[in-house]
Amino acid sequence: MATNDIGIDLGTTKVMIYKEGEGVVVNEPSVVAYDANTGKPFAFGEEAFLMVGKTHKNIVAEYPLNDGVISNYSLTKEMVKYFIGKAYNSKVIKPKVCICVPSAVTGIEENAVVDAAVSSGARQVFLIEEPIAAAIGAGIDVLRANGNIIVDIGGGTTDVAVISLGGIVCSKSIKIAGNTFDREIAKAIKNRFNFVIGQRTVQNLKHEVANCMPSEDENVVYKIKGINMLRGLPGTLEISTQDIYPVIEPIIAEILAAVKQVLEVTPPELSGDIYENGIMLTGAGAKIKNLDKYLESHLNVKVALAEEPEKCVAIGTGRSFELEGKLESGFRDVTPGFSR
Ligand SMILES: Nc1ncnc2c1ncn2[C@@H]1O[C@H](COP(=O)(O)OP(=O)(O)O)[C@@H](O)[C@H]1O
Ligand SMILES: [Mg+2]
C-alpha cells in the first residue's frame with residue numbers, strides 16, 4: 001500500500017489517525033471549540049479540550065459526537081477536515097482514506113464524514129465497521145474460518161461482535177461505556193457526600209481508583225478536590241476503591257450481559273473457536289482495572305486486554321487497505337460516484 005493512505009478512528013472521545021509506516025500520527029480528544037455568536041470553530045482536539053468546562057458565554061467547547069452518534073454534523077465535518085489536514089500534507093498524491101465511525105451512526109451522518117474526507121483531498125473513501133477494525137488492530141487474522149469475539153469499550157458505546165471469514169457474524173452495541181462510569185461516579189459522589197467534582201477528577205478516579213474485582217489489599221485511596229455543597233465552598237474528599245465499587249458494579253454487569261447475549265446467539269462451531277481463542281478487549285474504556293478478570297470469572301472463557309487497546313481501531317482502520325477486496329461485510333467503498 002502507498003504510504004500516504006490513512007485510517008481514521010473517529011471516536012466519540014478521541015480521534016486517532018494511523019499512517020502506514022508512521023503509526024498513530026494524530027491522537028487527540030474529539031473536541032471542537034467555537035464562537036457562540038458566529039458558530040465558527042477556532043480550535044480542535046487537544047487545544048479545544050483544555051477549554052472544556054472553562055469557557056465563558058462567547059465560547060463553546062463540545063464533543064460533536066455524543067453517545068456514539070454524530071450530534072453536530074457541521075462541527076464533525078470541520079473537525080475531520082482539520083485532522084486530515086494535520087495528518088496529511090502532501091499536495092501531490094491524494095490519499096485513500098478509511099474511516100471508522102461509531103456503530104450507531106446513520107447513513108446521513110456517514111455522508112457528512114465522507115464529504116469532509118473528500119473535501120480534504122481524499123481520492124477514495126472507505127468506511128469500516130468498528131469490530132472489524134478493532135480485531136485487525138488487535139492482531140487477529142480476521143479472514144480465517146475461525147471465530148473471534150471482540151469487545152470494544154469506548155466512551156459512548158460498547159460493541160460486542162463475533163467475527164469470522166472477514167465479516168461480522170453476530171453483534172450487539174450498547175450505550176454503556178466509559179462515559180457511563182464517569183456519569184455514575186460523579187452522581188454517586190454528589191448524592192452520597194454532597195460533593196461536586198469536574199470531569200477530569202472523575203476520570204482520574206476511574207483510571208486510578210476504580211477496580212472491577214478489588215481484593216482487600218487493593219484499596220486505593222485518592223484525595224479529590226471539588227465543591228462541598230453543604231458549605232458552598234471548595235474542599236477536598238478522600239475516595240477509595242471500596243467507595244467506587246458499588247457504583248461501577250451495575251455497569252460492568254451490563255457489559256457482561258451484552259457479551260453473554262452475543263455468545264448465546266453465536267453458532268456452535270464458532271462458539272468452539274471462541275472457547276479456544278478467548279475474548280479480546282479493545283478500546284480505552286477496557287483499561288478499567290481488572291475488567292478482564294471480572295469477565296473471565298463470570299464467563300469461564302479466557303479474556304485478554306489487547307496491547308495498546310486504545311489504538312486498535314485506528315491501527316486496524318489504517319491496515320484495512322491491505323485486505324481490500326477480501327473483507328466480507330463491514331468494509332465499504334463509499335467514494336461519491338462509486339456504486340454502493
Ligand atoms: N486507564 C483507563 N481506565 C479506564 N478508562 C479509561 C482509561 N483510559 C481511558 N479510559 C476511558 O476510555 C474511554 C474512551 O475510550 P476510546 O476507545 O478512546 O473511546 P472512543 O472510541 O469513544 O473515542 C473514556 O471514557 C476514557 O475515560
Ligand atoms: Mg472507539
# chains A, B, ... in the order shown; residues from 1 in each chain; ligands from 1

$ residues_around --residues "A:Glu129" --least-positions-apart "6" --cutoff "10 Å" --atoms "only C-alpha atoms" --output "JSON, numbers by chain"
{"A": [99, 100, 101, 102, 103, 167, 168, 313, 317, 329, 330, 331, 332]}

$ residues_near_ligand --ligand "ligand 2" --cutoff "6 Å" --atoms "only C-alpha atoms and all ligand atoms" --output "ChimeraX atom specification"
/A:11,154,283

$ closest_residue --among "A:Pro64, A:Gly137, A:Gly45, A:Gly107" --to "A:Glu310" --atoms "only C-alpha atoms"
A:Gly137

$ select_by_dssp --residues "stretch 60-305 of chain A" --states "alpha helix (DSSP H)" --output "MDAnalysis selection string"
chainID A and resid 73:87 107:119 130:137 178:193 199:208 241:264 268:277 291:299

$ closest_atom_pairs --of "chain A" --to "ligand 1" --cutoff "9 Å" --atoms "only C-alpha atoms and all ligand atoms" --output "CSV"
residue,atom,partner,partner_atom_place_in_ligand_line,distance
A:Asp9,CA,ligand 1,21 (O),7.3
A:Leu10,CA,ligand 1,23 (O),6.7
A:Gly11,CA,ligand 1,23 (O),3.2
A:Thr12,CA,ligand 1,22 (O),3.9
A:Thr13,CA,ligand 1,23 (O),3.5
A:Lys14,CA,ligand 1,23 (O),3.9
A:Val15,CA,ligand 1,23 (O),6.4
A:Met16,CA,ligand 1,23 (O),8.4
A:Pro29,CA,ligand 1,23 (O),7.7
A:Ser30,CA,ligand 1,23 (O),7.3
A:Leu65,CA,ligand 1,22 (O),8.7
A:Asn66,CA,ligand 1,22 (O),8.7
A:Asp67,CA,ligand 1,22 (O),8.2
A:Gly68,CA,ligand 1,22 (O),7.0
A:Val101,CA,ligand 1,21 (O),8.8
A:Pro102,CA,ligand 1,21 (O),7.4
A:Glu130,CA,ligand 1,21 (O),9.0
A:Asp152,CA,ligand 1,17 (O),7.4
A:Ile153,CA,ligand 1,17 (O),6.0
A:Gly154,CA,ligand 1,19 (O),3.4
A:Gly155,CA,ligand 1,22 (O),3.7
A:Gly156,CA,ligand 1,22 (O),5.3
A:Thr157,CA,ligand 1,22 (O),6.7
A:Thr158,CA,ligand 1,22 (O),8.8
A:Ala177,CA,ligand 1,25 (O),6.6
A:Gly178,CA,ligand 1,25 (O),3.2
A:Asn179,CA,ligand 1,25 (O),4.5
A:Thr180,CA,ligand 1,25 (O),7.6
A:Phe181,CA,ligand 1,25 (O),7.4
A:Asp182,CA,ligand 1,25 (O),7.1
A:Arg200,CA,ligand 1,27 (O),9.0
A:Val202,CA,ligand 1,27 (O),8.7
A:Gln203,CA,ligand 1,27 (O),5.6
A:Asn204,CA,ligand 1,2 (C),8.5
A:Leu205,CA,ligand 1,4 (C),9.0
A:Lys206,CA,ligand 1,4 (C),5.6
A:His207,CA,ligand 1,3 (N),3.9
A:Glu208,CA,ligand 1,1 (N),7.3
A:Ala210,CA,ligand 1,4 (C),8.0
A:Thr282,CA,ligand 1,17 (O),7.4
A:Gly283,CA,ligand 1,17 (O),3.6
A:Ala284,CA,ligand 1,15 (O),3.8
A:Gly285,CA,ligand 1,12 (O),3.3
A:Ala286,CA,ligand 1,5 (N),6.3
A:Lys287,CA,ligand 1,3 (N),4.2
A:Ile288,CA,ligand 1,4 (C),3.6
A:Lys289,CA,ligand 1,3 (N),6.5
A:Pro309,CA,ligand 1,17 (O),7.5
A:Glu310,CA,ligand 1,17 (O),4.9
A:Lys311,CA,ligand 1,17 (O),7.6
A:Cys312,CA,ligand 1,17 (O),8.7
A:Val313,CA,ligand 1,21 (O),7.9

$ closest_residue --among "A:Gly278, A:Gly53, A:Pro95, A:Gly139" --to "A:Asp5" --atoms "only C-alpha atoms"
A:Pro95

$ decode --residues "stretch 156-173 of chain A" --atoms "N, CA, C and O atoms" --output "compact mmCIF listing (two decimals), in the first residue's frame"
# COMPACT_ATOMS: atom_id res chain seq x y z
N GLY A 156 -18.67 6.28 24.36
CA GLY A 156 -20.14 6.25 24.27
C GLY A 156 -20.76 4.88 24.14
O GLY A 156 -21.88 4.67 24.59
N THR A 157 -20.06 3.95 23.49
CA THR A 157 -20.68 2.64 23.28
C THR A 157 -19.71 1.49 23.56
O THR A 157 -18.49 1.63 23.43
N THR A 158 -20.32 0.36 23.91
CA THR A 158 -19.59 -0.90 23.98
C THR A 158 -20.10 -1.74 22.83
O THR A 158 -21.31 -1.91 22.67
N ASP A 159 -19.20 -2.22 22.01
CA ASP A 159 -19.59 -3.02 20.85
C ASP A 159 -19.03 -4.43 21.00
O ASP A 159 -17.83 -4.60 21.17
N VAL A 160 -19.93 -5.39 20.92
CA VAL A 160 -19.52 -6.79 21.05
C VAL A 160 -19.80 -7.44 19.69
O VAL A 160 -20.89 -7.28 19.15
N ALA A 161 -18.82 -8.13 19.14
CA ALA A 161 -19.06 -8.76 17.84
C ALA A 161 -18.26 -10.03 17.67
O ALA A 161 -17.11 -10.13 18.12
N VAL A 162 -18.89 -11.01 17.01
CA VAL A 162 -18.20 -12.24 16.64
C VAL A 162 -17.82 -12.10 15.17
O VAL A 162 -18.65 -11.73 14.33
N ILE A 163 -16.55 -12.37 14.88
CA ILE A 163 -16.02 -12.20 13.53
C ILE A 163 -15.48 -13.52 13.02
O ILE A 163 -14.83 -14.25 13.77
N SER A 164 -15.78 -13.81 11.76
CA SER A 164 -15.19 -14.98 11.12
C SER A 164 -15.19 -14.72 9.61
O SER A 164 -16.07 -14.02 9.10
N LEU A 165 -14.24 -15.26 8.90
CA LEU A 165 -14.16 -15.13 7.44
C LEU A 165 -14.33 -13.69 6.95
O LEU A 165 -15.04 -13.43 5.99
N GLY A 166 -13.69 -12.76 7.64
CA GLY A 166 -13.69 -11.37 7.20
C GLY A 166 -14.99 -10.63 7.37
O GLY A 166 -15.19 -9.56 6.79
N GLY A 167 -15.92 -11.17 8.14
CA GLY A 167 -17.19 -10.47 8.34
C GLY A 167 -17.71 -10.63 9.76
O GLY A 167 -17.20 -11.42 10.55
N ILE A 168 -18.76 -9.85 10.06
CA ILE A 168 -19.36 -9.91 11.40
C ILE A 168 -20.49 -10.94 11.38
O ILE A 168 -21.39 -10.88 10.54
N VAL A 169 -20.44 -11.90 12.28
CA VAL A 169 -21.45 -12.97 12.31
C VAL A 169 -22.63 -12.54 13.20
O VAL A 169 -23.78 -12.69 12.82
N CYS A 170 -22.34 -12.04 14.37
CA CYS A 170 -23.40 -11.51 15.21
C CYS A 170 -22.79 -10.44 16.10
O CYS A 170 -21.59 -10.47 16.37
N SER A 171 -23.62 -9.49 16.52
CA SER A 171 -23.07 -8.37 17.28
C SER A 171 -24.14 -7.68 18.10
O SER A 171 -25.33 -7.90 17.89
N LYS A 172 -23.67 -6.86 19.01
CA LYS A 172 -24.57 -6.06 19.83
C LYS A 172 -23.83 -4.81 20.25
O LYS A 172 -22.64 -4.85 20.55
N SER A 173 -24.55 -3.69 20.25
CA SER A 173 -23.95 -2.44 20.68
C SER A 173 -24.81 -1.85 21.79
O SER A 173 -26.04 -1.81 21.64
